[in-house]
$ cat entry32.cif   # mmCIF, N, CA and C atoms
data_query
loop_
_atom_site.label_atom_id
_atom_site.label_comp_id
_atom_site.auth_asym_id
_atom_site.auth_seq_id
_atom_site.Cartn_x
_atom_site.Cartn_y
_atom_site.Cartn_z
N MET T 1 217.94 -144.05 -119.36
CA MET T 1 217.98 -143.01 -120.36
C MET T 1 217.80 -141.64 -119.71
N VAL T 2 216.82 -141.55 -118.79
CA VAL T 2 216.57 -140.28 -118.13
C VAL T 2 217.79 -139.85 -117.32
N ARG T 3 218.40 -140.77 -116.62
CA ARG T 3 219.60 -140.44 -115.85
C ARG T 3 220.71 -139.93 -116.76
N GLY T 4 220.90 -140.57 -117.89
CA GLY T 4 221.92 -140.17 -118.84
C GLY T 4 221.68 -138.75 -119.35
N LEU T 5 220.44 -138.44 -119.70
CA LEU T 5 220.11 -137.08 -120.14
C LEU T 5 220.37 -136.07 -119.03
N ARG T 6 219.94 -136.40 -117.83
CA ARG T 6 220.12 -135.51 -116.69
C ARG T 6 221.61 -135.24 -116.46
N GLU T 7 222.42 -136.28 -116.50
CA GLU T 7 223.86 -136.13 -116.27
C GLU T 7 224.52 -135.30 -117.36
N SER T 8 223.93 -135.28 -118.55
CA SER T 8 224.51 -134.48 -119.63
C SER T 8 224.07 -133.01 -119.55
N GLY T 9 223.24 -132.67 -118.55
CA GLY T 9 222.85 -131.28 -118.35
C GLY T 9 221.48 -130.93 -118.89
N VAL T 10 220.76 -131.89 -119.43
CA VAL T 10 219.42 -131.63 -119.96
C VAL T 10 218.44 -131.47 -118.79
N THR T 11 217.61 -130.43 -118.87
CA THR T 11 216.56 -130.25 -117.87
C THR T 11 215.41 -131.18 -118.20
N ILE T 12 214.97 -131.92 -117.20
CA ILE T 12 213.89 -132.89 -117.39
C ILE T 12 212.80 -132.59 -116.38
N ILE T 13 211.58 -132.53 -116.87
CA ILE T 13 210.43 -132.45 -115.98
C ILE T 13 209.77 -133.81 -116.02
N LEU T 14 209.78 -134.47 -114.89
CA LEU T 14 209.28 -135.84 -114.79
C LEU T 14 208.12 -135.86 -113.82
N THR T 15 207.00 -136.34 -114.27
CA THR T 15 205.87 -136.54 -113.36
C THR T 15 205.80 -138.02 -113.04
N THR T 16 205.61 -138.30 -111.76
CA THR T 16 205.61 -139.70 -111.35
C THR T 16 204.79 -139.87 -110.08
N HIS T 17 204.25 -141.03 -109.92
CA HIS T 17 203.62 -141.42 -108.66
C HIS T 17 204.58 -142.28 -107.84
N TYR T 18 205.73 -142.60 -108.42
CA TYR T 18 206.72 -143.42 -107.74
C TYR T 18 207.71 -142.52 -107.02
N ILE T 19 207.50 -142.34 -105.74
CA ILE T 19 208.29 -141.40 -104.98
C ILE T 19 209.76 -141.84 -104.90
N GLU T 20 210.01 -143.15 -104.88
CA GLU T 20 211.38 -143.63 -104.86
C GLU T 20 212.14 -143.14 -106.08
N GLU T 21 211.45 -143.12 -107.22
CA GLU T 21 212.05 -142.65 -108.47
C GLU T 21 212.43 -141.17 -108.35
N ALA T 22 211.53 -140.37 -107.81
CA ALA T 22 211.80 -138.95 -107.62
C ALA T 22 212.94 -138.73 -106.63
N GLU T 23 212.96 -139.53 -105.57
CA GLU T 23 214.00 -139.38 -104.56
C GLU T 23 215.38 -139.69 -105.14
N GLN T 24 215.46 -140.64 -106.04
CA GLN T 24 216.74 -141.02 -106.63
C GLN T 24 217.22 -140.04 -107.68
N MET T 25 216.30 -139.49 -108.49
CA MET T 25 216.73 -138.73 -109.67
C MET T 25 216.54 -137.22 -109.59
N ALA T 26 215.69 -136.73 -108.73
CA ALA T 26 215.32 -135.31 -108.79
C ALA T 26 216.29 -134.41 -108.05
N ASP T 27 216.49 -133.22 -108.59
CA ASP T 27 217.20 -132.16 -107.90
C ASP T 27 216.20 -131.26 -107.17
N ARG T 28 215.04 -131.08 -107.81
CA ARG T 28 213.96 -130.27 -107.24
C ARG T 28 212.69 -131.11 -107.26
N ILE T 29 211.84 -130.84 -106.27
CA ILE T 29 210.60 -131.60 -106.12
C ILE T 29 209.43 -130.63 -106.14
N GLY T 30 208.41 -130.98 -106.87
CA GLY T 30 207.15 -130.26 -106.85
C GLY T 30 206.06 -131.22 -106.40
N VAL T 31 205.17 -130.74 -105.54
CA VAL T 31 204.08 -131.58 -105.05
C VAL T 31 202.78 -130.96 -105.52
N ILE T 32 201.97 -131.78 -106.18
CA ILE T 32 200.66 -131.35 -106.66
C ILE T 32 199.61 -132.11 -105.87
N ASN T 33 198.67 -131.38 -105.30
CA ASN T 33 197.58 -131.99 -104.55
C ASN T 33 196.26 -131.41 -105.05
N LYS T 34 195.37 -132.28 -105.48
CA LYS T 34 194.06 -131.87 -105.99
C LYS T 34 194.19 -130.85 -107.12
N GLY T 35 195.19 -131.07 -107.98
CA GLY T 35 195.37 -130.22 -109.15
C GLY T 35 196.09 -128.91 -108.88
N GLU T 36 196.56 -128.69 -107.66
CA GLU T 36 197.22 -127.44 -107.30
C GLU T 36 198.65 -127.72 -106.83
N ILE T 37 199.58 -126.92 -107.34
CA ILE T 37 200.97 -127.05 -106.88
C ILE T 37 201.05 -126.47 -105.47
N ILE T 38 201.40 -127.32 -104.51
CA ILE T 38 201.47 -126.85 -103.12
C ILE T 38 202.90 -126.62 -102.66
N LEU T 39 203.88 -127.08 -103.47
CA LEU T 39 205.27 -126.92 -103.06
C LEU T 39 206.19 -127.18 -104.24
N VAL T 40 207.20 -126.34 -104.39
CA VAL T 40 208.32 -126.60 -105.30
C VAL T 40 209.57 -126.22 -104.52
N GLU T 41 210.48 -127.18 -104.38
CA GLU T 41 211.64 -126.97 -103.51
C GLU T 41 212.81 -127.81 -103.97
N ASP T 42 214.01 -127.32 -103.75
CA ASP T 42 215.21 -128.12 -103.94
C ASP T 42 215.10 -129.34 -103.02
N LYS T 43 215.41 -130.53 -103.54
CA LYS T 43 215.22 -131.76 -102.77
C LYS T 43 215.99 -131.73 -101.46
N ALA T 44 217.24 -131.31 -101.48
CA ALA T 44 218.04 -131.29 -100.25
C ALA T 44 217.45 -130.32 -99.23
N THR T 45 216.99 -129.17 -99.70
CA THR T 45 216.38 -128.18 -98.81
C THR T 45 215.09 -128.72 -98.23
N LEU T 46 214.29 -129.35 -99.07
CA LEU T 46 213.03 -129.95 -98.62
C LEU T 46 213.28 -131.00 -97.54
N MET T 47 214.24 -131.87 -97.77
CA MET T 47 214.55 -132.93 -96.81
C MET T 47 215.04 -132.31 -95.49
N ARG T 48 215.82 -131.24 -95.58
CA ARG T 48 216.34 -130.59 -94.38
C ARG T 48 215.23 -129.87 -93.62
N LYS T 49 214.34 -129.17 -94.34
CA LYS T 49 213.29 -128.38 -93.70
C LYS T 49 212.16 -129.24 -93.14
N LEU T 50 211.73 -130.25 -93.89
CA LEU T 50 210.55 -131.00 -93.49
C LEU T 50 210.85 -132.41 -93.00
N GLY T 51 212.07 -132.86 -93.21
CA GLY T 51 212.42 -134.20 -92.76
C GLY T 51 212.71 -134.22 -91.26
N ARG T 52 212.66 -135.41 -90.69
CA ARG T 52 212.94 -135.57 -89.27
C ARG T 52 213.94 -136.69 -89.07
N LYS T 53 214.76 -136.52 -88.07
CA LYS T 53 215.64 -137.60 -87.63
C LYS T 53 215.19 -137.94 -86.22
N GLN T 54 215.17 -139.24 -85.92
CA GLN T 54 214.73 -139.67 -84.60
C GLN T 54 215.67 -140.71 -84.04
N LEU T 55 215.88 -140.63 -82.74
CA LEU T 55 216.59 -141.64 -81.98
C LEU T 55 215.53 -142.42 -81.22
N ASN T 56 215.47 -143.73 -81.43
CA ASN T 56 214.51 -144.59 -80.75
C ASN T 56 215.25 -145.44 -79.73
N LEU T 57 214.84 -145.34 -78.47
CA LEU T 57 215.46 -146.10 -77.39
C LEU T 57 214.46 -147.13 -76.89
N ASP T 58 214.82 -148.41 -76.95
CA ASP T 58 214.00 -149.48 -76.38
C ASP T 58 214.40 -149.62 -74.93
N LEU T 59 213.47 -149.34 -74.03
CA LEU T 59 213.76 -149.31 -72.60
C LEU T 59 213.73 -150.70 -71.98
N VAL T 60 214.51 -150.87 -70.93
CA VAL T 60 214.53 -152.13 -70.18
C VAL T 60 213.21 -152.27 -69.41
N GLN T 61 212.73 -151.18 -68.80
CA GLN T 61 211.46 -151.18 -68.08
C GLN T 61 210.57 -150.08 -68.63
N ALA T 62 209.29 -150.38 -68.73
CA ALA T 62 208.32 -149.40 -69.24
C ALA T 62 208.19 -148.22 -68.27
N LEU T 63 207.95 -147.05 -68.83
CA LEU T 63 207.72 -145.84 -68.05
C LEU T 63 206.26 -145.44 -68.18
N GLU T 64 205.75 -144.74 -67.18
CA GLU T 64 204.37 -144.27 -67.24
C GLU T 64 204.27 -142.90 -67.91
N GLY T 65 205.37 -142.19 -67.96
CA GLY T 65 205.40 -140.88 -68.58
C GLY T 65 206.83 -140.47 -68.82
N VAL T 66 207.01 -139.39 -69.55
CA VAL T 66 208.35 -138.86 -69.77
C VAL T 66 208.83 -138.29 -68.44
N PRO T 67 209.96 -138.76 -67.93
CA PRO T 67 210.46 -138.30 -66.62
C PRO T 67 210.69 -136.80 -66.58
N ALA T 68 210.49 -136.23 -65.40
CA ALA T 68 210.73 -134.80 -65.19
C ALA T 68 212.17 -134.48 -65.56
N GLY T 69 212.36 -133.33 -66.13
CA GLY T 69 213.70 -132.93 -66.55
C GLY T 69 214.04 -133.41 -67.95
N LEU T 70 213.24 -134.31 -68.48
CA LEU T 70 213.47 -134.80 -69.84
C LEU T 70 212.35 -134.37 -70.77
N ASN T 71 211.23 -133.95 -70.19
CA ASN T 71 210.07 -133.69 -71.03
C ASN T 71 210.22 -132.37 -71.78
N GLY T 72 210.49 -132.54 -73.04
CA GLY T 72 210.54 -131.41 -73.97
C GLY T 72 209.73 -131.82 -75.18
N GLY T 73 209.50 -130.90 -76.07
CA GLY T 73 208.73 -131.21 -77.26
C GLY T 73 209.39 -132.24 -78.16
N GLN T 74 210.67 -132.50 -77.91
CA GLN T 74 211.42 -133.40 -78.79
C GLN T 74 211.41 -134.84 -78.30
N LEU T 75 210.86 -135.10 -77.13
CA LEU T 75 210.91 -136.44 -76.54
C LEU T 75 209.51 -136.94 -76.27
N GLU T 76 209.22 -138.16 -76.75
CA GLU T 76 207.90 -138.75 -76.57
C GLU T 76 208.05 -140.18 -76.07
N LEU T 77 207.03 -140.63 -75.40
CA LEU T 77 206.96 -142.01 -74.97
C LEU T 77 206.12 -142.77 -75.98
N ALA T 78 206.54 -143.95 -76.37
CA ALA T 78 205.81 -144.76 -77.35
C ALA T 78 205.83 -146.22 -76.91
N GLY T 79 205.15 -147.07 -77.68
CA GLY T 79 205.18 -148.51 -77.44
C GLY T 79 204.73 -148.89 -76.04
N ASN T 80 203.61 -148.30 -75.57
CA ASN T 80 203.10 -148.58 -74.23
C ASN T 80 204.14 -148.32 -73.14
N GLY T 81 204.93 -147.27 -73.33
CA GLY T 81 205.91 -146.88 -72.34
C GLY T 81 207.26 -147.58 -72.45
N THR T 82 207.41 -148.43 -73.45
CA THR T 82 208.66 -149.20 -73.58
C THR T 82 209.67 -148.53 -74.50
N GLN T 83 209.31 -147.40 -75.10
CA GLN T 83 210.23 -146.71 -76.01
C GLN T 83 210.21 -145.21 -75.75
N LEU T 84 211.38 -144.61 -75.83
CA LEU T 84 211.50 -143.16 -75.86
C LEU T 84 211.92 -142.79 -77.27
N VAL T 85 211.25 -141.80 -77.83
CA VAL T 85 211.56 -141.34 -79.19
C VAL T 85 211.97 -139.88 -79.09
N TYR T 86 213.20 -139.61 -79.52
CA TYR T 86 213.77 -138.27 -79.47
C TYR T 86 213.93 -137.75 -80.90
N THR T 87 213.26 -136.66 -81.23
CA THR T 87 213.35 -136.05 -82.55
C THR T 87 214.40 -134.94 -82.49
N PHE T 88 215.32 -134.95 -83.46
CA PHE T 88 216.42 -133.99 -83.42
C PHE T 88 216.79 -133.51 -84.82
N ASP T 89 217.53 -132.40 -84.84
CA ASP T 89 218.06 -131.83 -86.07
C ASP T 89 219.53 -132.21 -86.14
N ALA T 90 219.87 -133.05 -87.08
CA ALA T 90 221.24 -133.55 -87.19
C ALA T 90 222.23 -132.47 -87.59
N LYS T 91 221.74 -131.36 -88.15
CA LYS T 91 222.63 -130.31 -88.62
C LYS T 91 222.60 -129.07 -87.73
N ALA T 92 222.01 -129.19 -86.55
CA ALA T 92 221.91 -128.03 -85.65
C ALA T 92 223.29 -127.59 -85.20
N GLN T 93 223.50 -126.28 -85.15
CA GLN T 93 224.79 -125.71 -84.75
C GLN T 93 225.16 -126.13 -83.33
N GLU T 94 224.17 -126.17 -82.44
CA GLU T 94 224.44 -126.48 -81.04
C GLU T 94 224.54 -127.97 -80.76
N GLY T 95 224.42 -128.79 -81.79
CA GLY T 95 224.51 -130.24 -81.64
C GLY T 95 223.13 -130.88 -81.60
N THR T 96 223.12 -132.19 -81.56
CA THR T 96 221.86 -132.94 -81.62
C THR T 96 221.17 -133.05 -80.27
N GLY T 97 221.93 -132.95 -79.19
CA GLY T 97 221.35 -133.13 -77.87
C GLY T 97 221.33 -134.59 -77.42
N ILE T 98 221.79 -135.49 -78.26
CA ILE T 98 221.75 -136.92 -77.93
C ILE T 98 222.65 -137.23 -76.74
N ALA T 99 223.86 -136.72 -76.72
CA ALA T 99 224.78 -136.99 -75.61
C ALA T 99 224.17 -136.52 -74.29
N GLU T 100 223.58 -135.34 -74.29
CA GLU T 100 222.95 -134.80 -73.08
C GLU T 100 221.77 -135.67 -72.65
N LEU T 101 220.96 -136.10 -73.60
CA LEU T 101 219.82 -136.98 -73.28
C LEU T 101 220.31 -138.28 -72.64
N LEU T 102 221.31 -138.91 -73.23
CA LEU T 102 221.83 -140.17 -72.70
C LEU T 102 222.43 -139.98 -71.30
N ARG T 103 223.08 -138.85 -71.09
CA ARG T 103 223.62 -138.55 -69.76
C ARG T 103 222.50 -138.43 -68.74
N LYS T 104 221.43 -137.70 -69.08
CA LYS T 104 220.30 -137.52 -68.17
C LYS T 104 219.59 -138.84 -67.89
N LEU T 105 219.45 -139.68 -68.91
CA LEU T 105 218.83 -140.99 -68.69
C LEU T 105 219.66 -141.80 -67.70
N ASN T 106 220.96 -141.77 -67.87
CA ASN T 106 221.86 -142.49 -66.96
C ASN T 106 221.73 -141.96 -65.54
N GLU T 107 221.71 -140.64 -65.39
CA GLU T 107 221.57 -140.02 -64.06
C GLU T 107 220.28 -140.45 -63.37
N GLN T 108 219.21 -140.63 -64.17
CA GLN T 108 217.92 -141.00 -63.59
C GLN T 108 217.75 -142.52 -63.49
N GLY T 109 218.76 -143.27 -63.87
CA GLY T 109 218.70 -144.72 -63.75
C GLY T 109 217.78 -145.38 -64.76
N ILE T 110 217.57 -144.72 -65.88
CA ILE T 110 216.71 -145.27 -66.93
C ILE T 110 217.60 -146.00 -67.94
N ALA T 111 217.45 -147.32 -67.96
CA ALA T 111 218.30 -148.15 -68.83
C ALA T 111 217.57 -148.47 -70.13
N PHE T 112 218.35 -148.64 -71.18
CA PHE T 112 217.78 -149.06 -72.46
C PHE T 112 218.57 -150.24 -72.98
N LYS T 113 217.88 -151.08 -73.78
CA LYS T 113 218.53 -152.29 -74.29
C LYS T 113 218.92 -152.18 -75.76
N ASP T 114 218.37 -151.19 -76.45
CA ASP T 114 218.70 -151.02 -77.86
C ASP T 114 218.43 -149.58 -78.24
N LEU T 115 219.14 -149.11 -79.26
CA LEU T 115 218.87 -147.78 -79.81
C LEU T 115 219.10 -147.82 -81.31
N ARG T 116 218.37 -146.98 -82.00
CA ARG T 116 218.52 -146.88 -83.46
C ARG T 116 218.04 -145.48 -83.88
N THR T 117 218.56 -145.04 -85.01
CA THR T 117 218.10 -143.77 -85.56
C THR T 117 217.34 -144.04 -86.85
N THR T 118 216.38 -143.18 -87.11
CA THR T 118 215.62 -143.25 -88.35
C THR T 118 215.56 -141.85 -88.94
N GLU T 119 215.31 -141.80 -90.23
CA GLU T 119 215.26 -140.53 -90.95
C GLU T 119 214.06 -140.54 -91.88
N SER T 120 213.38 -139.41 -91.99
CA SER T 120 212.23 -139.31 -92.89
C SER T 120 212.66 -139.57 -94.33
N SER T 121 211.81 -140.24 -95.06
CA SER T 121 212.03 -140.41 -96.49
C SER T 121 211.23 -139.32 -97.22
N LEU T 122 211.47 -139.19 -98.49
CA LEU T 122 210.70 -138.25 -99.29
C LEU T 122 209.22 -138.65 -99.26
N GLU T 123 208.94 -139.94 -99.22
CA GLU T 123 207.55 -140.39 -99.13
C GLU T 123 206.89 -139.93 -97.83
N ASP T 124 207.60 -140.02 -96.71
CA ASP T 124 207.06 -139.54 -95.43
C ASP T 124 206.70 -138.06 -95.53
N ILE T 125 207.59 -137.29 -96.13
CA ILE T 125 207.35 -135.85 -96.27
C ILE T 125 206.16 -135.60 -97.18
N PHE T 126 206.10 -136.31 -98.31
CA PHE T 126 204.99 -136.15 -99.25
C PHE T 126 203.65 -136.44 -98.57
N VAL T 127 203.58 -137.54 -97.86
CA VAL T 127 202.33 -137.93 -97.18
C VAL T 127 201.93 -136.87 -96.17
N SER T 128 202.89 -136.36 -95.40
CA SER T 128 202.54 -135.34 -94.41
C SER T 128 202.06 -134.05 -95.08
N LEU T 129 202.64 -133.70 -96.22
CA LEU T 129 202.20 -132.50 -96.94
C LEU T 129 200.79 -132.65 -97.49
N VAL T 130 200.52 -133.79 -98.08
CA VAL T 130 199.21 -134.00 -98.69
C VAL T 130 198.13 -134.14 -97.62
N ARG T 131 198.45 -134.79 -96.53
CA ARG T 131 197.49 -134.93 -95.43
C ARG T 131 197.16 -133.59 -94.82
N SER T 132 198.19 -132.77 -94.55
CA SER T 132 197.96 -131.49 -93.89
C SER T 132 197.25 -130.50 -94.81
N ASP T 133 197.31 -130.73 -96.10
CA ASP T 133 196.66 -129.82 -97.06
C ASP T 133 195.24 -130.28 -97.39
N SER T 134 194.85 -131.45 -96.94
CA SER T 134 193.51 -131.98 -97.25
C SER T 134 192.42 -131.28 -96.49
#

$ encode --input "entry32.cif" --output "structure tokens"
Amino acid sequence: MVRGLRESGVTIILTTHYIEEAEQMADRIGVINKGEIILVEDKATLMRKLGRKQLNLDLVQALEGVPAGLNGGQLELAGNGTQLVYTFDAKAQEGTGIAELLRKLNEQGIAFKDLRTTESSLEDIFVSLVRSDS
């Protein structure tokens, strides 16, 4: 019913604790923490500004640290040295940097057995906002 009203152009203010519901139906998101509105933002803008995309590489051999020439704020070692996690902006004008990272890994002889990308959900963003405001 709510979707039908929304599609017909009716403005709806919906309060919910079910973030999946808000992610599916909302155009704009407001976050209330301890009775105070801490954010009101267009959902797409919020996801772009506060969301993260990550490339996770499962390495063939564990590393003790991020190799020289690769250590930037966007690259971290995880999983006891068995994973490299690269955080990137998928919409950056200059590109994601993934191709350059993979080239450098190859040059340094660092092999990986699997890779996958992940993206922040609205719930991830909500939790980070409420935690940082506590």

$ residues_around --input "entry32.cif" --residues "region 1-17 of chain T" --least-positions-apart "6" --cutoff "10 Å" --atoms "only C-alpha atoms" --output "list in words"
Gln24, Met25, Ala26, Asp27, Arg28, Ile29, Gly30, Val31 and Ile32 of chain T

$ resolve_selection --input "entry32.cif" --expression "the PyMOL selection byres ((chain T and resi 59-68) around 5)" --output "ChimeraX atom specification"
/T:57-58,69-71,81-83,111-113

$ select_by_dssp --input "entry32.cif" --residues "region 85-127 of chain T" --states "alpha helix (DSSP H)" --output "list in words"
Ile98, Ala99, Glu100, Leu101, Leu102, Arg103, Lys104, Leu105, Asn106, Glu107, Leu122, Glu123, Asp124, Ile125, Phe126 and Val127 of chain T

$ atom_distance --input "entry32.cif" --atom1 "CA of Asp42 (chain T)" --atom2 "CA of Ser121 (chain T)"
14.7 Å

$ residues_around --input "entry32.cif" --residues "Leu75 (chain T)" --least-positions-apart "3" --cutoff "8 Å" --atoms "all atoms listed in the file" --output "PyMOL selection string"
chain T and resi 66+70-72+78+84-88

$ residues_around --input "entry32.cif" --residues "Leu55 (chain T)" --least-positions-apart "4" --cutoff "12 Å" --atoms "only C-alpha atoms" --output "PyMOL selection string"
chain T and resi 74-77+83-90+96-99+101-102+114-120

$ closest_residue --input "entry32.cif" --among "T:Leu46, T:Leu105, T:Val130, T:Ala22" --to "Lys34 (chain T)" --atoms "only N, CA and C atoms"
T:Val130

$ atom_distance --input "entry32.cif" --atom1 "CA of Ala92 (chain T)" --atom2 "atom C of Lys104 (chain T)"
20.9 Å

$ atom_distance --input "entry32.cif" --atom1 "CA of Ser128 (chain T)" --atom2 "atom C of Gly79 (chain T)"
22.9 Å
